[in-house]
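Data from structure.cif: mmCIF, C-alpha atoms
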```cif
data_work
#
loop_
_atom_site.label_atom_id
_atom_site.label_comp_id
_atom_site.auth_asym_id
_atom_site.auth_seq_id
_atom_site.Cartn_x
_atom_site.Cartn_y
_atom_site.Cartn_z
CA ASP R 1 5.45 0.84 35.50
CA ASN R 2 6.38 1.29 31.81
CA ARG R 3 3.90 -1.48 30.96
CA ASP R 4 1.00 0.49 32.47
CA LEU R 5 1.65 3.65 30.48
CA ASN R 6 -1.37 4.89 28.55
CA ILE R 7 0.18 8.14 27.32
CA TYR R 8 -2.03 10.96 26.03
CA GLU R 9 -0.07 13.32 23.78
CA LEU R 10 -1.48 16.82 24.29
CA LEU R 11 -0.89 20.20 22.64
CA VAL R 12 -2.30 22.79 25.04
CA ARG R 13 -3.05 25.21 22.21
CA ASP R 14 -5.38 22.81 20.37
CA PHE R 15 -6.80 20.93 23.36
CA VAL R 16 -8.66 23.83 24.98
CA SER R 17 -9.83 27.01 23.25
CA ARG R 18 -8.33 29.27 25.93
CA HIS R 19 -4.98 27.48 25.41
CA THR R 20 -4.05 27.72 29.09
CA PHE R 21 -2.76 25.26 31.69
CA LYS R 22 -5.60 26.36 33.97
CA THR R 23 -8.23 25.26 31.45
CA VAL R 24 -6.48 21.93 30.83
CA LYS R 25 -6.71 21.37 34.58
CA ASP R 26 -10.52 21.52 34.26
CA SER R 27 -10.38 18.52 31.88
CA ILE R 28 -8.52 16.10 34.15
CA ASN R 29 -11.66 14.09 34.89
CA TYR R 30 -12.13 13.55 31.14
CA LEU R 31 -8.60 12.11 30.93
CA LYS R 32 -8.99 10.01 34.06
CA LYS R 33 -12.22 8.43 32.78
CA LEU R 34 -10.40 7.68 29.53
CA GLY R 35 -7.91 5.52 31.44
CA VAL R 36 -4.97 7.86 30.78
CA THR R 37 -2.03 7.15 33.10
CA ALA R 38 0.36 9.78 31.70
CA VAL R 39 -0.04 13.09 29.87
CA GLN R 40 2.74 13.99 27.46
CA LEU R 41 2.80 17.74 27.00
CA MET R 42 4.12 18.95 23.67
CA PRO R 43 6.86 21.55 24.31
CA VAL R 44 5.78 24.24 26.76
CA THR R 45 9.21 25.84 27.18
CA GLU R 46 9.63 29.35 25.73
CA PHE R 47 9.60 29.10 21.93
CA ASP R 48 9.68 31.34 18.86
CA GLY R 49 6.41 33.20 18.27
CA ASN R 50 3.12 32.52 20.02
CA GLU R 51 1.10 30.01 17.98
CA SER R 52 3.40 27.04 17.62
CA TRP R 53 3.88 23.35 18.27
CA GLY R 54 6.75 24.50 20.50
CA TYR R 55 9.74 22.95 18.76
CA GLY R 56 11.32 26.34 17.95
CA SER R 57 12.95 26.33 21.35
CA ASN R 58 14.75 29.36 22.81
CA PHE R 59 14.70 29.33 26.62
CA VAL R 60 14.30 25.79 27.93
CA PHE R 61 14.27 26.74 31.62
CA ALA R 62 11.21 28.98 31.12
CA VAL R 63 7.50 28.28 30.60
CA ASP R 64 6.06 29.87 27.45
CA LYS R 65 3.87 32.82 28.45
CA ILE R 66 1.06 31.98 26.02
CA TYR R 67 -0.01 29.03 28.18
CA GLY R 68 0.05 30.93 31.46
CA PRO R 69 2.51 31.51 34.31
CA LYS R 70 4.69 28.76 35.72
CA LYS R 71 2.48 28.67 38.83
CA ASP R 72 -0.40 27.38 36.65
CA LEU R 73 1.78 24.65 35.13
CA LYS R 74 2.87 23.52 38.59
CA GLU R 75 -0.76 23.42 39.74
CA LEU R 76 -1.73 21.38 36.66
CA ILE R 77 1.07 18.88 37.33
CA ASP R 78 0.08 18.59 41.00
CA ALA R 79 -3.56 18.04 40.03
CA LEU R 80 -2.64 15.34 37.50
CA HIS R 81 -0.48 13.62 40.11
CA ALA R 82 -3.33 13.77 42.61
CA ASN R 83 -5.39 11.81 40.08
CA GLY R 84 -2.72 9.17 39.50
CA ILE R 85 -1.58 10.59 36.15
CA ALA R 86 2.13 11.05 35.41
CA VAL R 87 3.43 14.04 33.42
CA ILE R 88 5.95 13.67 30.59
CA LEU R 89 7.52 16.77 29.05
CA ASP R 90 8.36 16.84 25.35
CA ILE R 91 11.67 18.68 25.36
CA VAL R 92 13.85 20.06 22.56
CA LEU R 93 17.59 19.55 23.08
CA ASN R 94 18.65 18.75 19.51
CA HIS R 95 18.59 22.40 18.53
CA ALA R 96 17.95 25.99 19.61
CA TYR R 97 16.52 28.93 17.73
CA GLY R 98 18.07 32.36 17.13
CA LEU R 99 17.00 34.10 20.33
CA ALA R 100 18.59 31.43 22.53
CA PRO R 101 21.51 32.83 24.56
CA HIS R 102 23.62 29.87 23.42
CA ALA R 103 23.36 31.28 19.91
CA ARG R 104 23.47 35.04 20.61
CA LEU R 105 26.50 35.05 22.92
CA TRP R 106 28.76 33.38 20.33
CA TRP R 107 27.43 34.55 16.97
CA ASP R 108 28.99 35.05 13.55
CA GLU R 109 27.29 38.19 12.20
CA PHE R 110 28.86 37.75 8.77
CA ASP R 111 27.57 34.19 8.18
CA ASN R 112 24.47 34.68 10.34
CA LYS R 113 25.26 31.43 12.16
CA PRO R 114 26.76 30.35 15.48
CA ALA R 115 30.44 31.25 15.58
CA ASN R 116 33.18 28.64 15.21
CA GLN R 117 34.17 29.12 18.87
CA ASN R 118 30.59 28.60 20.14
CA PRO R 119 30.98 26.09 23.01
CA TYR R 120 27.40 24.79 22.69
CA LEU R 121 26.27 24.95 19.08
CA ASN R 122 27.72 23.72 15.80
CA LYS R 123 28.26 26.36 13.14
CA ASN R 124 26.74 23.91 10.66
CA ALA R 125 24.34 21.12 11.55
CA THR R 126 25.59 17.54 11.40
CA HIS R 127 22.43 16.10 9.84
CA ALA R 128 20.17 17.21 7.03
CA PHE R 129 16.97 17.21 9.10
CA ASN R 130 18.07 19.75 11.67
CA VAL R 131 15.99 22.88 12.26
CA GLY R 132 17.32 25.97 14.01
CA TYR R 133 20.91 25.66 15.30
CA ASP R 134 22.38 22.27 16.12
CA PHE R 135 23.69 21.49 19.62
CA ASN R 136 27.09 19.80 19.88
CA HIS R 137 26.34 16.92 22.27
CA ASP R 138 30.01 15.99 22.45
CA SER R 139 30.78 19.32 24.13
CA PRO R 140 31.18 19.20 27.93
CA TYR R 141 29.33 22.53 28.05
CA THR R 142 26.29 21.09 26.26
CA ARG R 143 26.36 17.99 28.46
CA GLN R 144 26.37 20.11 31.61
CA PHE R 145 23.57 22.24 30.15
CA VAL R 146 21.43 19.17 29.33
CA ASP R 147 21.88 17.71 32.81
CA THR R 148 20.95 21.02 34.42
CA VAL R 149 17.84 21.46 32.27
CA LEU R 150 16.50 17.99 33.07
CA ALA R 151 17.22 18.36 36.80
CA HIS R 152 15.41 21.74 36.76
CA TRP R 153 12.17 20.26 35.39
CA VAL R 154 12.19 17.19 37.61
CA LYS R 155 13.16 19.02 40.81
CA ASP R 156 11.21 22.27 40.42
CA TYR R 157 8.18 21.06 38.48
CA LYS R 158 7.99 17.37 39.52
CA ILE R 159 8.04 16.21 35.89
CA ASP R 160 8.03 12.38 35.74
CA GLY R 161 9.89 12.00 32.47
CA PHE R 162 10.87 13.37 29.10
CA ARG R 163 10.22 12.68 25.46
CA PHE R 164 13.37 13.80 23.63
CA ASP R 165 12.56 15.36 20.28
CA LEU R 166 14.82 14.34 17.38
CA SER R 167 17.15 12.34 19.63
CA LYS R 168 18.83 10.86 16.56
CA GLY R 169 20.43 14.28 16.17
CA PHE R 170 22.51 13.96 19.36
CA THR R 171 25.59 13.23 17.25
CA GLN R 172 28.67 14.90 15.79
CA THR R 173 28.90 12.34 12.97
CA SER R 174 28.17 14.45 9.91
CA THR R 175 25.84 13.07 7.23
CA VAL R 176 24.69 16.34 5.65
CA ASN R 177 26.58 15.80 2.40
CA SER R 178 25.79 12.11 2.11
CA SER R 179 24.12 10.74 -1.01
CA ASN R 180 21.83 8.83 1.39
CA PRO R 181 21.33 11.29 4.28
CA VAL R 182 18.47 9.40 6.00
CA GLY R 183 20.09 5.98 5.75
CA ASP R 184 23.55 7.14 6.82
CA TRP R 185 22.14 9.24 9.68
CA SER R 186 20.27 6.18 10.94
CA VAL R 187 23.13 3.65 11.06
CA TYR R 188 24.51 2.62 14.45
CA ASP R 189 26.43 5.57 15.88
CA ALA R 190 28.52 4.74 18.96
CA SER R 191 29.08 8.39 19.90
CA ARG R 192 25.34 9.14 19.75
CA VAL R 193 24.60 6.06 21.86
CA TYR R 194 27.18 7.23 24.39
CA ASN R 195 25.68 10.71 24.56
CA ILE R 196 22.17 9.39 25.20
CA LYS R 197 23.25 6.73 27.69
CA ARG R 198 25.37 9.27 29.57
CA MET R 199 22.45 11.71 29.76
CA ALA R 200 20.00 9.02 30.90
CA THR R 201 22.39 7.56 33.47
CA GLN R 202 23.08 10.98 34.97
CA LEU R 203 19.34 11.67 35.19
CA TRP R 204 18.59 8.31 36.82
CA GLN R 205 21.40 8.67 39.34
CA ASN R 206 19.73 11.78 40.70
CA TYR R 207 16.09 10.93 39.94
CA PRO R 208 15.57 7.14 39.71
CA GLY R 209 12.64 5.97 37.63
CA THR R 210 12.34 9.09 35.48
CA TYR R 211 11.05 8.15 32.02
CA VAL R 212 13.42 8.62 29.08
CA ILE R 213 11.51 8.35 25.78
CA LEU R 214 13.33 8.82 22.48
CA GLU R 215 11.96 9.92 19.11
CA HIS R 216 14.75 8.00 17.44
CA PHE R 217 13.91 5.76 14.46
CA ALA R 218 17.50 4.60 13.99
CA ASP R 219 19.10 1.26 13.07
CA LYS R 220 17.58 -1.66 14.95
CA SER R 221 20.86 -2.50 16.69
CA GLU R 222 21.11 1.05 18.05
CA GLU R 223 17.53 1.06 19.30
CA GLN R 224 18.08 -2.35 20.91
CA ASP R 225 21.17 -1.01 22.69
CA LEU R 226 19.28 2.00 24.03
CA ALA R 227 16.24 -0.08 25.03
CA GLY R 228 18.54 -2.45 26.89
CA HIS R 229 19.91 0.54 28.79
CA GLY R 230 16.38 1.43 29.97
CA CYS R 231 15.30 4.02 27.41
CA MET R 232 11.88 3.78 25.78
CA LEU R 233 11.63 4.40 22.04
CA TRP R 234 8.79 5.54 19.82
CA GLY R 235 7.19 2.73 17.80
CA LYS R 236 5.19 4.09 14.87
CA ALA R 237 2.40 1.90 13.50
CA HIS R 238 0.52 4.69 11.73
CA ALA R 239 0.52 3.30 8.18
CA GLU R 240 -0.38 -0.26 9.21
CA TYR R 241 -3.35 0.62 11.43
CA GLY R 242 -4.44 3.17 8.83
CA GLN R 243 -4.53 0.57 6.08
CA ALA R 244 -6.44 -1.81 8.37
CA THR R 245 -9.09 0.74 9.38
CA MET R 246 -9.49 1.94 5.78
CA GLY R 247 -9.96 -1.67 4.68
CA TRP R 248 -7.12 -1.85 2.15
CA PRO R 249 -5.60 -5.37 2.21
CA THR R 250 -1.95 -4.35 1.68
CA GLY R 251 0.42 -2.96 4.29
CA TRP R 252 -2.09 -3.67 7.05
CA ASP R 253 -0.12 -6.15 9.16
CA PHE R 254 0.60 -4.11 12.30
CA SER R 255 2.09 -7.03 14.26
CA ASN R 256 5.76 -6.19 13.61
CA ALA R 257 5.34 -2.48 14.27
CA ILE R 258 3.53 -2.82 17.62
CA ASP R 259 5.37 -5.80 19.15
CA TYR R 260 8.57 -4.94 21.05
CA ARG R 261 9.87 -8.53 20.53
CA SER R 262 9.34 -8.56 16.75
CA SER R 263 11.95 -8.77 14.02
CA GLN R 264 11.49 -5.02 13.49
CA HIS R 265 12.48 -4.18 17.08
CA GLY R 266 13.77 -7.14 19.14
CA PHE R 267 13.86 -5.21 22.43
CA PRO R 268 14.79 -7.03 25.66
CA PHE R 269 12.09 -5.20 27.66
CA HIS R 270 8.64 -3.62 27.20
CA ASN R 271 10.30 -0.38 26.06
CA LEU R 272 8.48 0.24 22.78
CA VAL R 273 5.99 3.13 23.01
CA GLY R 274 3.54 1.98 20.36
CA PHE R 275 1.22 4.47 18.70
CA MET R 276 -1.28 4.54 15.86
CA GLU R 277 -0.92 8.31 15.45
CA SER R 278 1.03 11.19 16.95
CA HIS R 279 1.24 14.93 16.34
CA ASP R 280 3.50 14.27 13.34
CA GLU R 281 1.22 12.16 11.12
CA GLU R 282 -1.94 12.74 9.13
CA ARG R 283 -4.98 12.10 11.31
CA LEU R 284 -6.12 8.55 10.75
CA MET R 285 -9.81 9.40 10.85
CA PHE R 286 -9.28 12.05 8.16
CA ASN R 287 -7.63 9.38 6.00
CA ASN R 288 -10.53 7.00 6.64
CA LYS R 289 -13.08 9.66 5.74
CA THR R 290 -11.16 10.65 2.60
CA TYR R 291 -9.50 7.48 1.31
CA GLY R 292 -11.41 4.58 2.85
CA ASN R 293 -12.33 1.49 0.83
CA GLY R 294 -15.86 1.75 -0.52
CA ALA R 295 -15.97 -1.51 -2.52
CA SER R 296 -18.94 -3.89 -2.71
CA GLY R 297 -21.46 -1.54 -1.13
CA TYR R 298 -19.64 -1.42 2.22
CA SER R 299 -17.79 1.84 2.77
CA THR R 300 -15.22 2.41 5.49
CA LYS R 301 -15.76 6.13 4.83
CA ALA R 302 -19.28 6.04 6.31
CA TYR R 303 -19.51 8.01 9.54
CA GLU R 304 -20.56 5.32 12.02
CA THR R 305 -18.67 2.59 10.17
CA ARG R 306 -15.31 4.35 10.39
CA LEU R 307 -15.82 5.00 14.11
CA GLU R 308 -16.64 1.31 14.64
CA ARG R 309 -13.51 0.32 12.74
CA PHE R 310 -11.40 2.48 15.03
CA ALA R 311 -12.95 0.77 18.02
CA GLN R 312 -11.85 -2.52 16.47
CA ALA R 313 -8.34 -1.19 15.87
CA ALA R 314 -8.20 -0.09 19.52
CA ALA R 315 -8.99 -3.68 20.55
CA PHE R 316 -5.84 -4.73 18.68
CA PHE R 317 -3.81 -1.87 20.14
CA PHE R 318 -4.32 -1.32 23.87
CA PRO R 319 -4.22 -5.01 24.96
CA VAL R 320 -0.84 -5.57 23.25
CA PRO R 321 1.63 -5.58 26.20
CA GLY R 322 3.88 -2.54 26.47
CA PRO R 323 3.46 1.25 26.80
CA LYS R 324 0.99 2.92 24.46
CA MET R 325 0.43 6.47 23.27
CA THR R 326 -2.60 8.14 21.69
CA TRP R 327 -2.87 11.55 20.06
CA MET R 328 -5.43 13.86 21.63
CA PHE R 329 -9.05 13.54 20.49
CA GLY R 330 -8.27 10.34 18.59
CA GLU R 331 -10.64 8.77 21.11
CA LEU R 332 -13.44 10.90 19.63
CA GLY R 333 -12.51 10.28 15.99
CA TYR R 334 -11.04 13.73 15.30
CA ASP R 335 -11.16 14.05 11.51
CA TYR R 336 -9.57 17.37 10.54
CA SER R 337 -6.45 17.03 8.44
CA ILE R 338 -3.04 17.81 9.90
CA ASN R 339 -2.83 20.32 7.01
CA TYR R 340 -6.06 22.13 7.87
CA PRO R 341 -7.11 24.77 6.86
CA SER R 342 -5.15 25.20 3.59
CA ASN R 343 -4.73 21.46 2.91
CA THR R 344 -1.05 22.15 2.22
CA ALA R 345 2.05 21.65 4.34
CA ASP R 346 2.01 25.40 5.05
CA SER R 347 -0.78 24.73 7.56
CA ARG R 348 0.82 21.71 9.19
CA THR R 349 1.48 23.43 12.52
CA SER R 350 -1.44 25.88 12.27
CA PRO R 351 -4.10 25.94 15.02
CA LYS R 352 -6.81 23.32 14.61
CA PRO R 353 -10.49 23.48 15.65
CA VAL R 354 -11.13 22.47 19.27
CA ARG R 355 -14.15 20.16 19.04
CA TRP R 356 -15.39 19.30 22.51
CA ASP R 357 -18.85 19.27 20.93
CA TYR R 358 -17.90 15.86 19.49
CA MET R 359 -19.06 14.55 22.87
CA ASN R 360 -22.64 15.28 21.76
CA SER R 361 -22.36 12.51 19.16
CA PRO R 362 -23.41 9.06 20.47
CA ALA R 363 -21.20 7.32 17.86
CA ARG R 364 -18.13 9.32 18.90
CA MET R 365 -18.84 8.80 22.59
CA LYS R 366 -19.11 5.07 21.95
CA LEU R 367 -15.55 5.17 20.57
CA TYR R 368 -14.43 7.19 23.63
CA LYS R 369 -15.96 4.59 25.95
CA THR R 370 -14.26 1.78 24.01
CA TYR R 371 -10.86 3.49 24.40
CA ALA R 372 -11.61 4.00 28.10
CA ALA R 373 -12.65 0.40 28.71
CA LEU R 374 -9.61 -1.00 26.90
CA GLY R 375 -7.24 1.43 28.58
CA LYS R 376 -8.52 0.53 32.02
CA LEU R 377 -8.56 -3.20 31.24
CA ARG R 378 -4.82 -3.27 30.59
CA THR R 379 -3.89 -1.22 33.66
CA ILE R 380 -6.06 -3.04 36.24
CA ASN R 381 -5.02 -6.53 35.07
CA ASN R 382 -1.42 -7.56 35.58
CA SER R 383 -1.85 -10.18 32.87
CA PHE R 384 -1.07 -7.47 30.29
CA LYS R 385 2.45 -7.12 31.69
CA THR R 386 3.37 -10.48 30.19
CA SER R 387 5.82 -11.21 27.37
CA ASN R 388 3.80 -14.22 26.28
CA PHE R 389 1.50 -13.02 23.52
CA GLU R 390 0.89 -13.65 19.82
CA ILE R 391 -0.41 -11.39 17.05
CA SER R 392 -1.61 -12.65 13.69
CA ALA R 393 -2.55 -9.64 11.59
CA PHE R 394 -1.53 -10.35 7.99
CA GLY R 395 -5.00 -11.33 6.73
CA THR R 396 -8.56 -10.09 7.05
CA GLN R 397 -9.21 -12.23 10.15
CA LYS R 398 -6.81 -10.78 12.70
CA GLN R 399 -6.10 -12.33 16.12
CA LEU R 400 -4.36 -11.31 19.33
CA ARG R 401 -3.73 -13.79 22.16
CA VAL R 402 -2.31 -12.68 25.51
CA ASN R 403 -1.36 -15.72 27.60
CA ASP R 404 -0.96 -15.40 31.34
CA PRO R 405 -1.79 -17.53 34.42
CA ILE R 406 -3.85 -14.65 35.81
CA MET R 407 -6.07 -14.29 32.75
CA ASN R 408 -5.91 -15.29 29.10
CA THR R 409 -7.17 -12.76 26.56
CA ILE R 410 -8.24 -13.49 23.01
CA VAL R 411 -9.22 -10.80 20.48
CA PHE R 412 -10.71 -11.66 17.08
CA GLY R 413 -11.40 -9.05 14.40
CA ASN R 414 -12.76 -9.22 10.88
CA PHE R 415 -11.15 -6.37 8.97
#
```
Rewrite the coordinates I just gave you, this time as structure tokens.
Amino acid sequence: DNRDLNIYELLVRDFVSRHTFKTVKDSINYLKKLGVTAVQLMPVTEFDGNESWGYGSNFVFAVDKIYGPKKDLKELIDALHANGIAVILDIVLNHAYGLAPHARLWWDEFDNKPANQNPYLNKNATHAFNVGYDFNHDSPYTRQFVDTVLAHWVKDYKIDGFRFDLSKGFTQTSTVNSSNPVGDWSVYDASRVYNIKRMATQLWQNYPGTYVILEHFADKSEEQDLAGHGCMLWGKAHAEYGQATMGWPTGWDFSNAIDYRSSQHGFPFHNLVGFMESHDEERLMFNNKTYGNGASGYSTKAYETRLERFAQAAAFFFPVPGPKMTWMFGELGYDYSINYPSNTADSRTSPKPVRWDYMNSPARMKLYKTYAALGKLRTINNSFKTSNFEISAFGTQKQLRVNDPIMNTIVFGNF
């Protein structure tokens, strides 16, 4: 059930020091105790280079060799399923990189771009935020390719769903030369909506119940349309929870960002995947440690204090009805910057320290146990599937009320 999803976003490279599927398999009990109901693997299909987040996609039918053979991935998926944990694959179908056959077979050597007659890829990207080479999702060849890729992973690997990277790019409406490229790219786009609905419908006809999760961030009306069709959409609440945990009294009302019914979203179903942090944002605990409010002798930067404040944020996160996602090791207060080690954007996707030794810290383990208790609470009680709840989070004294005949839940927090 969408409403029972506690998604754990995981980058194999930075989760286990051996960066292999086989070693991740050894950690399933850790995830199960945490109350995780789905693991979302960052891209594991063959990508450019070896040390990568995986978004430089080349061969999307193949497993990248750095993580181990496909047999090991299949065994990991089977083991997760045996423990009641679904598997969601982060997949890259907005673009391909230069070694992809879709690029090489129809290539313009003079311009060093896909050729004009390329049946899959645009010669020039349609939006300013594209990386690699842009797929033409209006092409019948691309549509057939997409359907075949998704069927391959569901049928051969038993994948339960997909998170579509940069789904807002599934369009032929060009905004690259716009004076407002982000705004114009984000307005309601009927052709993009058609492409995504077509893809999802085709997938569900063959594999009912498969999760379709979009990294979209488009106009509200477009997201509402897609949510009404059955797609789930990412709901970022990074800044708001960050301000609340750091103790800064502006921008800390997370109620709109995390509530699928709110004026920000207005979805007809529980299809908002709310998250405090993902792979793409600065680590919240690093921000707390670096920029926390230290006024009046009480510092949110202090080690145990900042961990306690994240436990409080979790109490205003997990019980809010609807699917939730956490970034790996957030449950232990991982506090290395996303830009480690250089502290510049050059290191954004660089390998990060794997700190399983955090489990030796009683304060960090207390946070882990809080995440686990809250995660389990919302999945074993059907009361958290309700649409009848209220969040008041604009002031220092924040409240969450979940109203249901099975069980009423009230959360109070002094931020």
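Put simply, the PyMOL selection byres ((chain R and resi 153-166) around 6) in this file takes in Lys74, Val87, Ile88, Leu89, Asp90, Ile91, Val92, Leu150, Ala151, His152, Ser167, Lys168, Gly169, Thr210, Tyr211, Val212, Ile213, Leu214 and Glu215 of chain R.
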Ground truth for the PyMOL selection byres ((chain R and resi 140) around 12), written as an mmCIF file with C-alpha atoms, keeping the file's coordinate frame:
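Output below, filename selection.cif:
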```cif
data_model
loop_
_atom_site.group_PDB
_atom_site.id
_atom_site.type_symbol
_atom_site.label_atom_id
_atom_site.label_comp_id
_atom_site.auth_asym_id
_atom_site.auth_seq_id
_atom_site.Cartn_x
_atom_site.Cartn_y
_atom_site.Cartn_z
ATOM 1 C CA PRO R 119 30.980 26.090 23.010
ATOM 2 C CA TYR R 120 27.400 24.790 22.690
ATOM 3 C CA LEU R 121 26.270 24.950 19.080
ATOM 4 C CA PHE R 135 23.690 21.490 19.620
ATOM 5 C CA ASN R 136 27.090 19.800 19.880
ATOM 6 C CA HIS R 137 26.340 16.920 22.270
ATOM 7 C CA ASP R 138 30.010 15.990 22.450
ATOM 8 C CA SER R 139 30.780 19.320 24.130
ATOM 9 C CA TYR R 141 29.330 22.530 28.050
ATOM 10 C CA THR R 142 26.290 21.090 26.260
ATOM 11 C CA ARG R 143 26.360 17.990 28.460
ATOM 12 C CA GLN R 144 26.370 20.110 31.610
ATOM 13 C CA PHE R 145 23.570 22.240 30.150
ATOM 14 C CA VAL R 146 21.430 19.170 29.330
ATOM 15 C CA ASP R 147 21.880 17.710 32.810
ATOM 16 C CA ASN R 195 25.680 10.710 24.560
ATOM 17 C CA ARG R 198 25.370 9.270 29.570
ATOM 18 C CA MET R 199 22.450 11.710 29.760
#
```
Problem set entry | Of the listed residues R:Thr396, R:Ser263, R:Thr305, R:Thr45, that which approaches R:Asn288 most closely, counting only C-alpha atoms | R:Thr305
Seminar exercise, completed: Using only C-alpha atoms, the shortest atom-to-atom distance to R:Phe318 among R:Asp346, R:Glu240, R:Glu9, R:Asp259 belongs to R:Asp259
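Distances from R:His19, R:Lys220, R:Lys33, R:Arg364 to R:Asp64 were compared using only C-alpha atoms, and the smallest one belongs to R:His19.
The nearest approach to R:Pro321 among the residues R:Asn381, R:Ser296, R:Ser186, R:Thr148, with all atoms listed in the file taken into account, belongs to R:Asn381.
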For this session: Name every residue that the PyMOL selection byres ((chain R and resi 390) around 6) selects in this structure, writing the answer as JSON, numbers by chain with chains first and numbers rising.
Result: {"R": [389, 391, 400, 401]}
Keeping only C-alpha atoms, write the selected residues as a PDB file, keeping the file's coordinate frame.
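For reference, result.pdb as written:
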```
ATOM      1  CA  PHE R 389       1.500 -13.020  23.520  1.00  0.00           C
ATOM      2  CA  ILE R 391      -0.410 -11.390  17.050  1.00  0.00           C
ATOM      3  CA  LEU R 400      -4.360 -11.310  19.330  1.00  0.00           C
ATOM      4  CA  ARG R 401      -3.730 -13.790  22.160  1.00  0.00           C
TER       5      ARG R 401
END
```
Exercise. Do you know which residues are at most 8 Å from stretch 308-313 of chain R counting only C-alpha atoms, after dropping those on the same chain fewer than 4 positions away, and could you put them as a PyMOL selection string?
Worked result: chain R and resi 241+244-245+300+304+317+333+367+370-371+413
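Minimum distance to R:Ala373 across R:Ala218, R:Val24, R:Ala314, R:Leu233 (counting all atoms listed in the file) occurs at R:Ala314.
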For this session: Tell me, as an MDAnalysis selection string, which residues lie within 9 Å of R:Tyr260, counting all atoms listed in the file; anything in the same chain fewer than 4 positions away does not count.
Result: chainID R and resid 235 256 264:274 321:322
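The interatomic distance for the pair atom CA of R:Asp335 and atom CA of R:Leu34 works out to 19.1 Å.
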Sort by chain and increasing residue number a table of all residues of stretch 107-203 of chain R within 10 Å of stretch 53-58 of chain R, each with its closest pair of atoms and their distance in Å to one decimal, counting all atoms listed in the file, and write it as a Markdown table.
```
| residue | atom | partner | partner_atom | distance |
| --- | --- | --- | --- | --- |
| R:Val131 | CA | R:Gly56 | CA | 8.1 |
| R:Gly132 | CA | R:Gly56 | CA | 7.2 |
| R:Tyr133 | CA | R:Gly56 | CA | 10.0 |
| R:Asp165 | CA | R:Tyr55 | CA | 8.2 |
```
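Counting all atoms listed in the file and comparing R:Asp184, R:Asp253, R:Glu223, R:Asp4, the residue that lies closest to R:Leu377 is R:Asp4.
Between atom CA of R:Val193 and atom CA of R:Gln224 the separation is 10.7 Å.
Atom CA of R:Arg348 sits 28.9 Å away from atom CA of R:Phe316.
Residues in contact with R:Leu73 at up to 10 Å, not including ones fewer than 2 positions away on its chain and judged by only C-alpha atoms, are R:Thr20, R:Phe21, R:Lys22, R:Val24, R:Lys25, R:Val44, R:Val63, R:Tyr67, R:Gly68, R:Pro69, R:Lys70, R:Lys71, R:Glu75, R:Leu76, R:Ile77, R:Asp78, R:Ala79, R:Tyr157.
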Box along x, y and z, 8 Å on every side, all listed atoms of stretch 334-342 of chain R inside: centre and edge lengths in Å to one decimal, as JSON.
```
{"center_x": -7.0, "center_y": 19.5, "center_z": 9.4, "size_x": 24.3, "size_y": 27.5, "size_z": 27.7}
```
Could you produce a table of the residues of stretch 342-400 of chain R lying within 10 Å of stretch 37-42 of chain R, with the nearest pair of atoms per residue and their separation in Å rounded to one decimal, using all atoms listed in the file, ordered by chain and increasing residue number, as a Markdown table?
```
| residue | atom | partner | partner_atom | distance |
| --- | --- | --- | --- | --- |
| R:Gly375 | CA | R:Thr37 | CA | 9.0 |
| R:Lys376 | CA | R:Thr37 | CA | 9.3 |
| R:Thr379 | CA | R:Thr37 | CA | 8.6 |
```
Problem set entry | Contacts of R:Ala295 at 12 Å (all atoms listed in the file; same-chain gap of 3+ positions) as a VMD selection string | chain R and resid 246 to 248 291 to 292 298 to 301
With C-alpha atoms retained, export the selected residues as a compact mmCIF listing (two decimals), keeping the file's coordinate frame.
```txt
# COMPACT_ATOMS: atom_id res chain seq x y z
CA MET R 246 -9.49 1.94 5.78
CA GLY R 247 -9.96 -1.67 4.68
CA TRP R 248 -7.12 -1.85 2.15
CA TYR R 291 -9.50 7.48 1.31
CA GLY R 292 -11.41 4.58 2.85
CA TYR R 298 -19.64 -1.42 2.22
CA SER R 299 -17.79 1.84 2.77
CA THR R 300 -15.22 2.41 5.49
CA LYS R 301 -15.76 6.13 4.83
```
Could I see stretch 256-262 of chain R restored to N, CA and C atoms, set down as a tab-separated table (two decimals), keeping the file's coordinate frame?
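This is the output file out-v6.tsv:
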```
chain	number	residue	atom	x	y	z
R	256	ASN	N	4.34	-6.51	13.45
R	256	ASN	CA	5.76	-6.19	13.61
R	256	ASN	C	5.96	-4.82	14.26
R	257	ALA	N	5.14	-3.86	13.83
R	257	ALA	CA	5.34	-2.48	14.27
R	257	ALA	C	5.00	-2.29	15.75
R	258	ILE	N	4.05	-3.07	16.28
R	258	ILE	CA	3.53	-2.82	17.62
R	258	ILE	C	4.11	-3.76	18.67
R	259	ASP	N	4.86	-4.77	18.25
R	259	ASP	CA	5.37	-5.80	19.15
R	259	ASP	C	6.85	-5.54	19.44
R	260	TYR	N	7.18	-5.28	20.70
R	260	TYR	CA	8.57	-4.94	21.05
R	260	TYR	C	9.53	-6.10	20.82
R	261	ARG	N	9.01	-7.36	20.72
R	261	ARG	CA	9.87	-8.53	20.53
R	261	ARG	C	10.10	-8.85	19.06
R	262	SER	N	9.40	-8.16	18.16
R	262	SER	CA	9.34	-8.56	16.75
R	262	SER	C	10.68	-8.38	16.05
```
